[in-house]
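J.: Take a look at the following structure, please.
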Amino acid sequence: MTLKTILALILLPVLPASSKPVRALPSYDNYPVYTGNDLGVHYFHGKTVFKIWAPTASAVKLRLYAADNGGKALHTIRLFKANKGTWQTIVSGDLKNSYYTFQVNINGRWLKERPDIYAKAVGVNGMRGMVVDLKATNPVGWSKDKRPAQKNFTDIIIYELHVRDLSENPNSGIKHKGKFLGLTETGTRSPQGEMTGLDHIKSLGVTHVHLLPSFDYNSIDETKPDEKYNWGYDPLNYNVPEGSYSTDPYNGNVRIREFKKMIETLHDNGLRVILDVVYNHTSDTSSNFNQFVPGYFYRHTAKGAYSNGTGCGNETASERPMMRKYMIESVCYWAKEYHLDGFRFDLMGVHDIETMNEISAALHKIDPTIFIYGEGWSAGNCGLDENLRAVKANAAKLDKVAVFNDDTRDGIKGGWSDVKSKGFVSAAPGTAESVKFGIVGAISHPQVDYSKVDYSKTAWAAEPYQTINYVSCHDDNTLWDRLKISNPAASEPELIKMDKLSNAIVLTSQGVAFLHAGAEMLRSKHGVANSFESPDSINQLDWSRKAKYKAVFDYYSGLVALRKHHPAFRMPSAKMIRANLKFLPAGDPNVIAYRLNGRACDDQWKSIVVIFNGNTTDKRVELPSGSWTIAVDGDSVNEAGIRVINGPGITIPATSACILFQ
Ligand code: CA
């Protein structure tokens, strides 16, 4: 029986006898809403409570197993119907580490045997749930684990990383290759003697590590994790860590303990951790959602097909009460149980504004410093009006939720739709306003001409923390590859200048700064733009590049330190930015110059001038009166001062940044 037939069967009994539906859909609005917080499997020493929401079910079976796969069920238990569409059973005895599945019957048809959508532990490939005693999974010292200090969201500097990319390369010197535990190793070195892994991230100085999907996803066979690679944007069990990143995917406890150990170690090293979450679609429509309440968790087209605003074949329905509740409970679970410090919402523009704001409120009740951001766009036509969705244009309607700034990203390096197009750093005309847009943190500023900004013709951020400034991420070519492709005639030293200027803009702009892992050593994916399932040879970080491009790494880490030492680069409010960031006459359309009032920001520098020259020729810029000390030029960063300029002007070399202070 196809899913469509199942949907039709659910529909029939609720239709009035007089109607003549041909393709009528079930009215999900009529489904009961359960408001309790006890759905899922809850373990106690003497009993385990199993409770699911399946309002259209006519029967539900629970099967208990000794192992995570294979073998016959030890017990099969019928659940009884409880209130608001829930089904429940309580099994006495100590079920710790037992495996289980549910199976739902709808109008005589048994659906697939699966763990519940709330499962907290699973066995290999996520096909069976495990009754877990969460306390027993805590690593030593977990009760003392603390989030590293954080004052303002604008203090955040994000490092976007795939768990496996960090350690997989033999030259990483890391023992636990491709595993959560790889992020816990210290003292690791490349063959050239450079720091790798955690030591490397720490020395770069970023504040947050953003991990690409690390919940249980579908595409990697956990019995042979080395056979294939995937980014992980194909969710299976939302509340469980991915098994292929654990040292034992069969035992449901191991991935949980190792994930916690990773968080604890990163926290101990002063790094906060962000999880990439993908509630906007499921791996496919044979998902756990559809094995419990067929259709309900998804949006559909008028003709009854799955709506596909994600480009992945389906799109979830965050606006439906039980999906909204699911998302809120899921992120809160990660924040509380795993001490996560932030969430990056994949295709957030698919979700509705109200759900995102409720998520924000719930997470900030747990800890007001948790950071939430997402992609403020969808990947196709959505089944919900755009005015209601958490797209970039609606950022100001989101409360303490940030979005990626693609306007400035593409202004800096060139548009995403044409890989050969150039940007500000490669001397493309007409790109300066898109860069200025990011410099002010995407807020409204009297000196930005919004009509000339790449995509948005208006300031979409209400406050600077709402913009994630970046020039590259896991999607599309790496910055280095992109610069090479779009500037085929440029020499390597010229490309390096463009690269350094790109992230000098990001790391000095107002808002939240974001770096793609490896950019600090000119990461290459050999021209592969969409490497989501490319082999490790394309995706893994190549640590030999660190020694080769050491000056680039030093420049990046120098800029990160500069940003951390100088609050003028990370003002917490739009009001402060409007008052204390003034653009200066630059004398050339591809030169940007601005002055920061350091004194008003408690900065030890009372005045700062930042100049970016996007031209391929040197340009002279007039300086405000007085003597100025250069802290950053195109070559290096030195906060103590590279040299002093006694006005009235300065020559900025081609394709370079210059930061001066008084
Ligand atoms: Ca998996």
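In the structure tokens, each chain is lettered A, B, ... as it comes, each chain's residues begin at 1, and ligands are numbered from 1 in order of appearance.
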Mind checking which residues fall within 12 Å of Asp476 of chain A, counting only C-alpha atoms, ignoring those fewer than 5 positions away in the same chain, and posting them as an mmCIF file with N, CA and C atoms, in the first residue's frame?

T.:
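The resulting file, part_16.cif, is reproduced below:
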```
data_model
loop_
_atom_site.group_PDB
_atom_site.id
_atom_site.type_symbol
_atom_site.label_atom_id
_atom_site.label_comp_id
_atom_site.auth_asym_id
_atom_site.auth_seq_id
_atom_site.Cartn_x
_atom_site.Cartn_y
_atom_site.Cartn_z
ATOM 1 N N ASP A 410 28.524 37.559 -1.059
ATOM 2 C CA ASP A 410 28.679 37.610 -2.507
ATOM 3 C C ASP A 410 29.235 38.947 -2.978
ATOM 4 N N GLY A 415 28.961 36.589 -6.955
ATOM 5 C CA GLY A 415 27.660 35.939 -6.736
ATOM 6 C C GLY A 415 27.710 34.420 -6.788
ATOM 7 N N TRP A 416 26.840 33.782 -6.007
ATOM 8 C CA TRP A 416 26.842 32.320 -5.905
ATOM 9 C C TRP A 416 26.376 31.649 -7.188
ATOM 10 N N SER A 417 25.545 32.367 -7.964
ATOM 11 C CA SER A 417 24.953 31.706 -9.133
ATOM 12 C C SER A 417 25.923 31.625 -10.311
ATOM 13 N N ASP A 418 27.012 32.389 -10.261
ATOM 14 C CA ASP A 418 27.997 32.336 -11.343
ATOM 15 C C ASP A 418 29.384 32.234 -10.722
ATOM 16 N N VAL A 419 29.918 31.030 -10.762
ATOM 17 C CA VAL A 419 31.175 30.750 -10.060
ATOM 18 C C VAL A 419 32.340 31.570 -10.616
ATOM 19 N N VAL A 471 32.288 34.699 4.313
ATOM 20 C CA VAL A 471 32.561 34.737 2.883
ATOM 21 C C VAL A 471 32.540 33.322 2.296
ATOM 22 N N ASP A 481 39.319 28.039 -3.591
ATOM 23 C CA ASP A 481 38.965 27.493 -4.903
ATOM 24 C C ASP A 481 38.177 28.516 -5.714
ATOM 25 N N ARG A 482 37.245 29.185 -5.042
ATOM 26 C CA ARG A 482 36.408 30.166 -5.732
ATOM 27 C C ARG A 482 37.257 31.311 -6.302
ATOM 28 N N HIS A 516 34.787 29.373 7.689
ATOM 29 C CA HIS A 516 34.697 27.975 7.276
ATOM 30 C C HIS A 516 36.008 27.297 7.672
ATOM 31 N N SER A 524 41.305 23.775 0.203
ATOM 32 C CA SER A 524 40.845 23.496 -1.154
ATOM 33 C C SER A 524 40.035 22.206 -1.153
ATOM 34 N N LYS A 525 38.944 22.213 -1.910
ATOM 35 C CA LYS A 525 38.228 20.965 -2.175
ATOM 36 C C LYS A 525 38.379 20.643 -3.664
ATOM 37 N N HIS A 526 39.502 21.091 -4.202
ATOM 38 C CA HIS A 526 39.903 20.780 -5.573
ATOM 39 C C HIS A 526 38.814 21.124 -6.588
ATOM 40 N N GLY A 527 38.134 22.245 -6.329
ATOM 41 C CA GLY A 527 37.140 22.729 -7.288
ATOM 42 C C GLY A 527 35.792 22.039 -7.204
ATOM 43 N N VAL A 528 35.610 21.125 -6.235
ATOM 44 C CA VAL A 528 34.310 20.469 -6.080
ATOM 45 C C VAL A 528 33.409 21.411 -5.264
ATOM 46 N N ALA A 529 32.326 21.877 -5.882
ATOM 47 C CA ALA A 529 31.483 22.887 -5.239
ATOM 48 C C ALA A 529 30.512 22.266 -4.238
ATOM 49 N N ASN A 530 29.928 21.134 -4.610
ATOM 50 C CA ASN A 530 28.942 20.507 -3.732
ATOM 51 C C ASN A 530 29.498 19.168 -3.276
ATOM 52 N N SER A 531 30.292 19.184 -2.216
ATOM 53 C CA SER A 531 31.042 17.990 -1.816
ATOM 54 C C SER A 531 30.305 17.156 -0.778
ATOM 55 N N PHE A 532 28.960 17.234 -0.751
ATOM 56 C CA PHE A 532 28.209 16.598 0.346
ATOM 57 C C PHE A 532 28.433 15.097 0.448
#
```

J.: Using only C-alpha atoms, determine which residues lie at most 10 Å from Ala600 of chain A, disregarding the query and same-chain residues fewer than 5 positions distant; provide the list as a list in words.

T.: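 Residues near the query, excluding close chain neighbours: Pro567, Ala568, Met571, Met576, Ala579, Asn580, Lys606 and Ser607 of chain A.
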
J.: Identify, counting only C-alpha atoms and all ligand atoms, the protein, DNA and RNA residues located within 8 Å of ligand 1, and give them as a short mmCIF file (atom, residue, chain, number, x, y, z; two decimals) with N, CA and C atoms, in the first residue's frame.

T.:
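Saved the output as result_32.cif:
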```cif
data_model
loop_
_atom_site.label_atom_id
_atom_site.label_comp_id
_atom_site.auth_asym_id
_atom_site.auth_seq_id
_atom_site.Cartn_x
_atom_site.Cartn_y
_atom_site.Cartn_z
N VAL A 124 22.77 0.36 16.03
CA VAL A 124 23.42 0.64 14.76
C VAL A 124 22.40 1.05 13.69
N ASN A 125 22.75 2.07 12.96
CA ASN A 125 21.92 2.64 11.89
C ASN A 125 20.55 3.12 12.35
N GLY A 126 20.39 3.26 13.65
CA GLY A 126 19.18 3.90 14.18
C GLY A 126 17.89 3.14 13.97
N PHE A 215 23.75 14.76 14.64
CA PHE A 215 22.68 13.89 15.13
C PHE A 215 22.63 12.71 14.16
N ASP A 216 21.85 11.69 14.50
CA ASP A 216 21.83 10.46 13.70
C ASP A 216 21.24 10.71 12.32
N TYR A 217 22.07 10.55 11.30
CA TYR A 217 21.58 10.72 9.93
C TYR A 217 21.70 9.41 9.16
N ASN A 218 21.15 9.42 7.96
CA ASN A 218 20.85 8.17 7.28
C ASN A 218 21.91 7.65 6.31
N SER A 219 22.65 8.55 5.70
CA SER A 219 23.39 8.15 4.50
C SER A 219 24.64 7.30 4.73
N ILE A 220 25.17 7.29 5.95
CA ILE A 220 26.36 6.48 6.20
C ILE A 220 25.93 5.16 6.85
N ASP A 221 26.36 4.03 6.27
CA ASP A 221 26.11 2.74 6.90
C ASP A 221 27.06 2.63 8.08
N GLU A 222 26.50 2.66 9.28
CA GLU A 222 27.35 2.70 10.48
C GLU A 222 28.14 1.41 10.70
N LEU A 236 17.65 11.21 10.55
CA LEU A 236 16.97 9.95 10.86
C LEU A 236 16.38 10.06 12.27
N ASN A 237 17.24 10.05 13.28
CA ASN A 237 16.78 10.19 14.67
C ASN A 237 17.31 11.53 15.21
N GLU A 242 25.09 10.89 15.94
CA GLU A 242 25.37 10.02 14.80
C GLU A 242 26.31 8.87 15.21
N GLY A 243 25.96 7.65 14.78
CA GLY A 243 26.73 6.49 15.18
C GLY A 243 28.08 6.36 14.50
N SER A 244 28.19 6.83 13.24
CA SER A 244 29.47 6.63 12.53
C SER A 244 30.59 7.47 13.14
#
```

J.: Using only C-alpha atoms, which residue out of A:Val644, A:Val122, A:Val293, A:Met323 lies closest to Ala57 of chain A?

T.: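 That would be A:Val293, the residue with the smallest distance to Ala57 of chain A.
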
J.: Quick one: of A:Thr154, A:Asn169, A:Gln88, A:Thr467, who's nearest to Gly182 of chain A, counting only C-alpha atoms?

T.: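 Closest to Gly182 of chain A, using only C-alpha atoms: A:Asn169.
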
J.: Out of A:Lys96, A:Gly178, A:Lys436, A:Phe292, which residue has the shortest atom-to-atom distance to Pro115 of chain A when counting only C-alpha atoms?

T.: A:Phe292

J.: Just asking: which residues within segment 153-191 of chain A are helix (DSSP H, G or I) according to DSSP, as a list in words?

T.: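 Here are the helix (DSSP H, G or I) residues of segment 153-191 of chain A: Phe153, Thr154, Asp155, Val163, Arg164, Asp165, Leu166, Ser167, Pro170, Asn171, Ser172, Phe180, Leu181, Gly182, Leu183 and Thr184 of chain A.
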
J.: Would you mind exporting N, CA, C and O atoms of the selected residues as a compact mmCIF listing (two decimals), in the first residue's frame?

T.:
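After the write, selection.txt holds the following:
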```
# COMPACT_ATOMS: atom_id res chain seq x y z
N PHE A 153 26.26 38.54 22.12
CA PHE A 153 26.25 37.68 20.93
C PHE A 153 27.26 38.18 19.89
O PHE A 153 27.83 37.40 19.13
N THR A 154 27.49 39.50 19.85
CA THR A 154 28.42 40.04 18.84
C THR A 154 29.88 39.72 19.17
O THR A 154 30.77 40.03 18.37
N ASP A 155 30.12 39.09 20.31
CA ASP A 155 31.49 38.64 20.63
C ASP A 155 31.81 37.31 19.93
O ASP A 155 32.95 36.84 19.96
N VAL A 163 32.75 17.00 11.63
CA VAL A 163 33.49 16.18 12.60
C VAL A 163 34.62 15.39 11.94
O VAL A 163 35.75 15.35 12.41
N ARG A 164 34.27 14.80 10.81
CA ARG A 164 35.21 13.89 10.15
C ARG A 164 36.35 14.64 9.44
O ARG A 164 37.49 14.16 9.40
N ASP A 165 36.03 15.82 8.91
CA ASP A 165 37.04 16.57 8.14
C ASP A 165 38.27 16.92 8.97
O ASP A 165 39.38 17.03 8.46
N LEU A 166 38.04 17.15 10.27
CA LEU A 166 39.13 17.63 11.13
C LEU A 166 40.26 16.62 11.23
O LEU A 166 41.43 16.98 11.23
N SER A 167 39.87 15.34 11.34
CA SER A 167 40.86 14.35 11.76
C SER A 167 41.17 13.27 10.74
O SER A 167 42.15 12.54 10.89
N PRO A 170 45.52 11.38 7.25
CA PRO A 170 46.63 10.80 8.03
C PRO A 170 47.56 11.88 8.60
O PRO A 170 48.17 11.68 9.64
N ASN A 171 47.64 13.04 7.93
CA ASN A 171 48.56 14.07 8.42
C ASN A 171 47.98 14.92 9.55
O ASN A 171 48.59 15.90 9.97
N SER A 172 46.79 14.51 10.07
CA SER A 172 46.22 15.24 11.21
C SER A 172 46.95 14.89 12.51
O SER A 172 46.91 15.64 13.47
N PHE A 180 33.97 11.67 17.12
CA PHE A 180 33.78 12.75 18.11
C PHE A 180 35.05 12.87 18.97
O PHE A 180 35.48 13.97 19.30
N LEU A 181 35.62 11.73 19.33
CA LEU A 181 36.79 11.75 20.21
C LEU A 181 38.00 12.42 19.56
O LEU A 181 38.92 12.84 20.26
N GLY A 182 37.99 12.51 18.22
CA GLY A 182 39.08 13.22 17.53
C GLY A 182 39.17 14.67 17.97
O GLY A 182 40.24 15.28 17.95
N LEU A 183 38.02 15.22 18.36
CA LEU A 183 37.98 16.62 18.82
C LEU A 183 38.42 16.77 20.27
O LEU A 183 38.47 17.89 20.78
N THR A 184 38.71 15.65 20.93
CA THR A 184 39.12 15.74 22.33
C THR A 184 40.63 15.60 22.49
O THR A 184 41.16 15.73 23.59
```

J.: Got a sec: who's within 6 Å of Gly423 of chain A, counting only C-alpha atoms, leaving out chain neighbours fewer than 4 positions off, as a list in words?

T.: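 Surrounding residues, per the criterion: Gly411, Ile412, Lys413, Gly414 and Ala428 of chain A.
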
J.: Can you list, as a ChimeraX atom specification, every protein, DNA or RNA residue that comes within 6 Å of segment 631-633 of chain A when you count only C-alpha atoms, leaving out same-chain residues fewer than 5 positions away?

T.: /A:638-639,641-642,657-660

J.: Next, the residues of the selection above should be written as a CSV table (one decimal), in the first residue's frame with all heavy atoms.

T.:
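The new file part08.csv reads:
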```csv
chain,number,residue,atom,x,y,z
A,638,ASN,N,49.8,43.4,13.8
A,638,ASN,CA,50.6,43.7,14.9
A,638,ASN,C,50.0,44.8,15.8
A,638,ASN,O,50.1,45.9,15.4
A,638,ASN,CB,52.1,44.1,14.5
A,638,ASN,CG,53.0,44.3,15.7
A,638,ASN,OD1,52.5,44.3,16.9
A,638,ASN,ND2,54.2,44.5,15.5
A,639,GLU,N,49.3,44.3,16.8
A,639,GLU,CA,48.5,45.3,17.6
A,639,GLU,C,49.4,46.3,18.3
A,639,GLU,O,49.0,47.4,18.7
A,639,GLU,CB,47.6,44.6,18.6
A,639,GLU,CG,46.5,43.9,18.0
A,639,GLU,CD,45.6,43.1,19.0
A,639,GLU,OE1,45.2,43.7,20.0
A,639,GLU,OE2,45.5,41.9,18.8
A,641,GLY,N,51.7,47.8,16.8
A,641,GLY,CA,52.0,48.8,15.8
A,641,GLY,C,53.1,48.4,14.8
A,641,GLY,O,54.2,47.9,15.2
A,642,ILE,N,52.8,48.5,13.5
A,642,ILE,CA,53.8,48.1,12.5
A,642,ILE,C,54.6,49.3,12.2
A,642,ILE,O,55.8,49.3,12.1
A,642,ILE,CB,53.0,47.6,11.2
A,642,ILE,CG1,52.3,46.3,11.5
A,642,ILE,CG2,54.0,47.4,10.1
A,642,ILE,CD1,51.3,45.9,10.5
A,657,ALA,N,44.0,45.2,3.1
A,657,ALA,CA,43.3,45.9,4.2
A,657,ALA,C,44.4,46.8,5.0
A,657,ALA,O,45.6,46.4,5.0
A,657,ALA,CB,42.7,44.9,5.2
A,658,CYS,N,43.9,47.8,5.6
A,658,CYS,CA,44.8,48.6,6.5
A,658,CYS,C,44.0,49.0,7.7
A,658,CYS,O,42.9,49.6,7.5
A,658,CYS,CB,45.3,49.8,5.7
A,658,CYS,SG,46.5,50.7,6.7
A,659,ILE,N,44.5,48.8,8.9
A,659,ILE,CA,43.8,49.2,10.1
A,659,ILE,C,44.8,50.1,10.9
A,659,ILE,O,45.9,49.7,11.1
A,659,ILE,CB,43.3,48.0,11.0
A,659,ILE,CG1,42.3,47.2,10.1
A,659,ILE,CG2,42.7,48.5,12.3
A,659,ILE,CD1,41.9,45.9,10.8
A,660,LEU,N,44.3,51.3,11.2
A,660,LEU,CA,45.2,52.2,11.9
A,660,LEU,C,44.5,52.7,13.2
A,660,LEU,O,43.2,52.7,13.2
A,660,LEU,CB,45.5,53.5,11.1
A,660,LEU,CG,46.0,53.3,9.6
A,660,LEU,CD1,44.8,53.4,8.7
A,660,LEU,CD2,47.0,54.3,9.3
```

J.: Of the candidates A:Ser444, A:Thr458, A:Ser378, A:Asn290, which shows the shortest atom-to-atom distance to Arg114 of chain A, using only C-alpha atoms?

T.: A:Asn290

J.: Taking the chain letters and numbering used in this document, name the residues of segment 190-404 of chain A that DSSP puts in strand (DSSP E), as a PyMOL selection string.

T.: chain A and resi 208-211+215-217+235-241+272-277+342-345+371-374+402-404

J.: Nearest residue to Tyr31 of chain A out of A:Ala547, A:Met322, A:Ala462, A:Ile158, using only C-alpha atoms?

T.: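 That would be A:Met322, the residue with the smallest distance to Tyr31 of chain A.
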
J.: A:His339, A:Lys582, A:Lys484, A:Arg595: which is nearest Pro148 of chain A, counting only C-alpha atoms?

T.: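 For Pro148 of chain A, the nearest of the candidates is A:His339.
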
J.: Which polymer residues have any atom within 7 Å of an atom of Ser627 of chain A, counting only C-alpha atoms, with same-chain residues fewer than 5 positions away left out, as a list in words?

T.: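 Using only C-alpha atoms, the neighbours found are Val644, Ile645, Asn646 and Gly647 of chain A.
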
J.: Residues within 10 Å of segment 37-53 of chain A, please, as a ChimeraX atom specification. Count only C-alpha atoms; anything in the same chain fewer than 5 positions from it doesn't count.

T.: /A:32,60,62,79-97,100,102,115-121,129-134,292-293,322,325-326,329

J.: Can I get the selected residues back with C-alpha atoms, as a PDB file, in the first residue's frame?

T.:
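selection-v4.pdb was written with the following content:
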```
ATOM      1  CA  PRO A  32      -5.780  16.286  18.923  1.00  0.00           C
ATOM      2  CA  VAL A  60       0.290   0.094  18.703  1.00  0.00           C
ATOM      3  CA  LEU A  62       6.041  -2.317  21.518  1.00  0.00           C
ATOM      4  CA  LEU A  79       0.017  -0.119  24.227  1.00  0.00           C
ATOM      5  CA  PHE A  80      -3.250   1.243  25.545  1.00  0.00           C
ATOM      6  CA  LYS A  81      -4.910   4.368  24.243  1.00  0.00           C
ATOM      7  CA  ALA A  82      -4.555   7.400  26.504  1.00  0.00           C
ATOM      8  CA  ASN A  83      -5.678  11.012  26.118  1.00  0.00           C
ATOM      9  CA  LYS A  84      -5.196  13.374  23.157  1.00  0.00           C
ATOM     10  CA  GLY A  85      -4.044  10.770  20.684  1.00  0.00           C
ATOM     11  CA  THR A  86      -1.383   9.248  22.924  1.00  0.00           C
ATOM     12  CA  TRP A  87      -0.662   5.569  23.540  1.00  0.00           C
ATOM     13  CA  GLN A  88       1.155   4.285  26.591  1.00  0.00           C
ATOM     14  CA  THR A  89       2.493   1.286  28.465  1.00  0.00           C
ATOM     15  CA  ILE A  90       4.582   0.861  31.576  1.00  0.00           C
ATOM     16  CA  VAL A  91       6.936  -2.099  31.716  1.00  0.00           C
ATOM     17  CA  SER A  92       8.139  -3.075  35.174  1.00  0.00           C
ATOM     18  CA  GLY A  93      11.646  -4.345  35.923  1.00  0.00           C
ATOM     19  CA  ASP A  94      14.998  -2.854  34.980  1.00  0.00           C
ATOM     20  CA  LEU A  95      15.054  -2.395  31.203  1.00  0.00           C
ATOM     21  CA  LYS A  96      18.326  -0.472  31.087  1.00  0.00           C
ATOM     22  CA  ASN A  97      20.151  -1.036  27.769  1.00  0.00           C
ATOM     23  CA  TYR A 100      12.927  -1.617  21.431  1.00  0.00           C
ATOM     24  CA  PHE A 102       7.190   0.487  18.065  1.00  0.00           C
ATOM     25  CA  PRO A 115      12.067   3.733  17.266  1.00  0.00           C
ATOM     26  CA  ASP A 116       9.801   6.549  18.447  1.00  0.00           C
ATOM     27  CA  ILE A 117      10.531  10.025  17.094  1.00  0.00           C
ATOM     28  CA  TYR A 118      11.653  11.048  20.596  1.00  0.00           C
ATOM     29  CA  ALA A 119      14.239   8.231  20.896  1.00  0.00           C
ATOM     30  CA  LYS A 120      17.260   9.316  22.943  1.00  0.00           C
ATOM     31  CA  ALA A 121      19.426   6.290  22.224  1.00  0.00           C
ATOM     32  CA  GLY A 129      15.720   2.491  20.118  1.00  0.00           C
ATOM     33  CA  MET A 130      17.539   1.737  23.368  1.00  0.00           C
ATOM     34  CA  VAL A 131      16.246   2.238  26.896  1.00  0.00           C
ATOM     35  CA  VAL A 132      18.916   4.529  28.248  1.00  0.00           C
ATOM     36  CA  ASP A 133      19.916   5.578  31.728  1.00  0.00           C
ATOM     37  CA  LEU A 134      21.228   8.988  30.696  1.00  0.00           C
ATOM     38  CA  PHE A 292       3.607   7.078  13.664  1.00  0.00           C
ATOM     39  CA  VAL A 293       1.344   9.779  12.224  1.00  0.00           C
ATOM     40  CA  MET A 322       2.821  18.789  17.349  1.00  0.00           C
ATOM     41  CA  LYS A 325       6.302  21.116  20.001  1.00  0.00           C
ATOM     42  CA  TYR A 326       8.645  18.459  18.663  1.00  0.00           C
ATOM     43  CA  GLU A 329      11.492  19.886  22.853  1.00  0.00           C
TER      44      GLU A 329
END
```

J.: Between atom CA of Asn314 of chain A and atom CA of Glu337 of chain A, what is the distance in Å, rounded to a tenth?

T.: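 Atom CA of Glu337 of chain A lies at a distance of 29.2 Å from atom CA of Asn314 of chain A.
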
J.: Skipping near chain neighbours, those fewer than 2 positions away, what residues fall within 10 Å of Asn394 of chain A using only C-alpha atoms, listed as a PyMOL selection string?

T.: chain A and resi 349+353+376+386-392+396-398+403+460-461

J.: For the residues in the current selection, export C-alpha atoms as a short mmCIF file (atom, residue, chain, number, x, y, z; two decimals), in the first residue's frame.

T.:
```cif
data_model
loop_
_atom_site.label_atom_id
_atom_site.label_comp_id
_atom_site.auth_asym_id
_atom_site.auth_seq_id
_atom_site.Cartn_x
_atom_site.Cartn_y
_atom_site.Cartn_z
CA GLY A 349 13.40 29.97 5.89
CA ILE A 353 8.47 32.75 12.46
CA GLY A 376 17.16 32.71 6.02
CA GLU A 386 6.69 33.63 2.88
CA ASN A 387 5.36 36.39 5.15
CA LEU A 388 5.00 33.77 7.87
CA ARG A 389 8.40 32.16 7.40
CA ALA A 390 11.78 32.83 9.04
CA VAL A 391 13.41 34.17 5.87
CA LYS A 392 16.10 36.84 5.87
CA ALA A 396 13.64 41.80 12.33
CA LYS A 397 10.51 39.83 13.33
CA LEU A 398 12.71 37.12 14.86
CA VAL A 403 20.63 34.82 9.72
CA TRP A 460 17.07 43.43 7.41
CA ALA A 461 18.77 43.20 10.82
#
```

J.: So how many Å separate atom CA of Tyr306 of chain A and atom CA of Met127 of chain A, to one decimal?

T.: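 Going from atom CA of Tyr306 of chain A over to atom CA of Met127 of chain A covers 24.0 Å.
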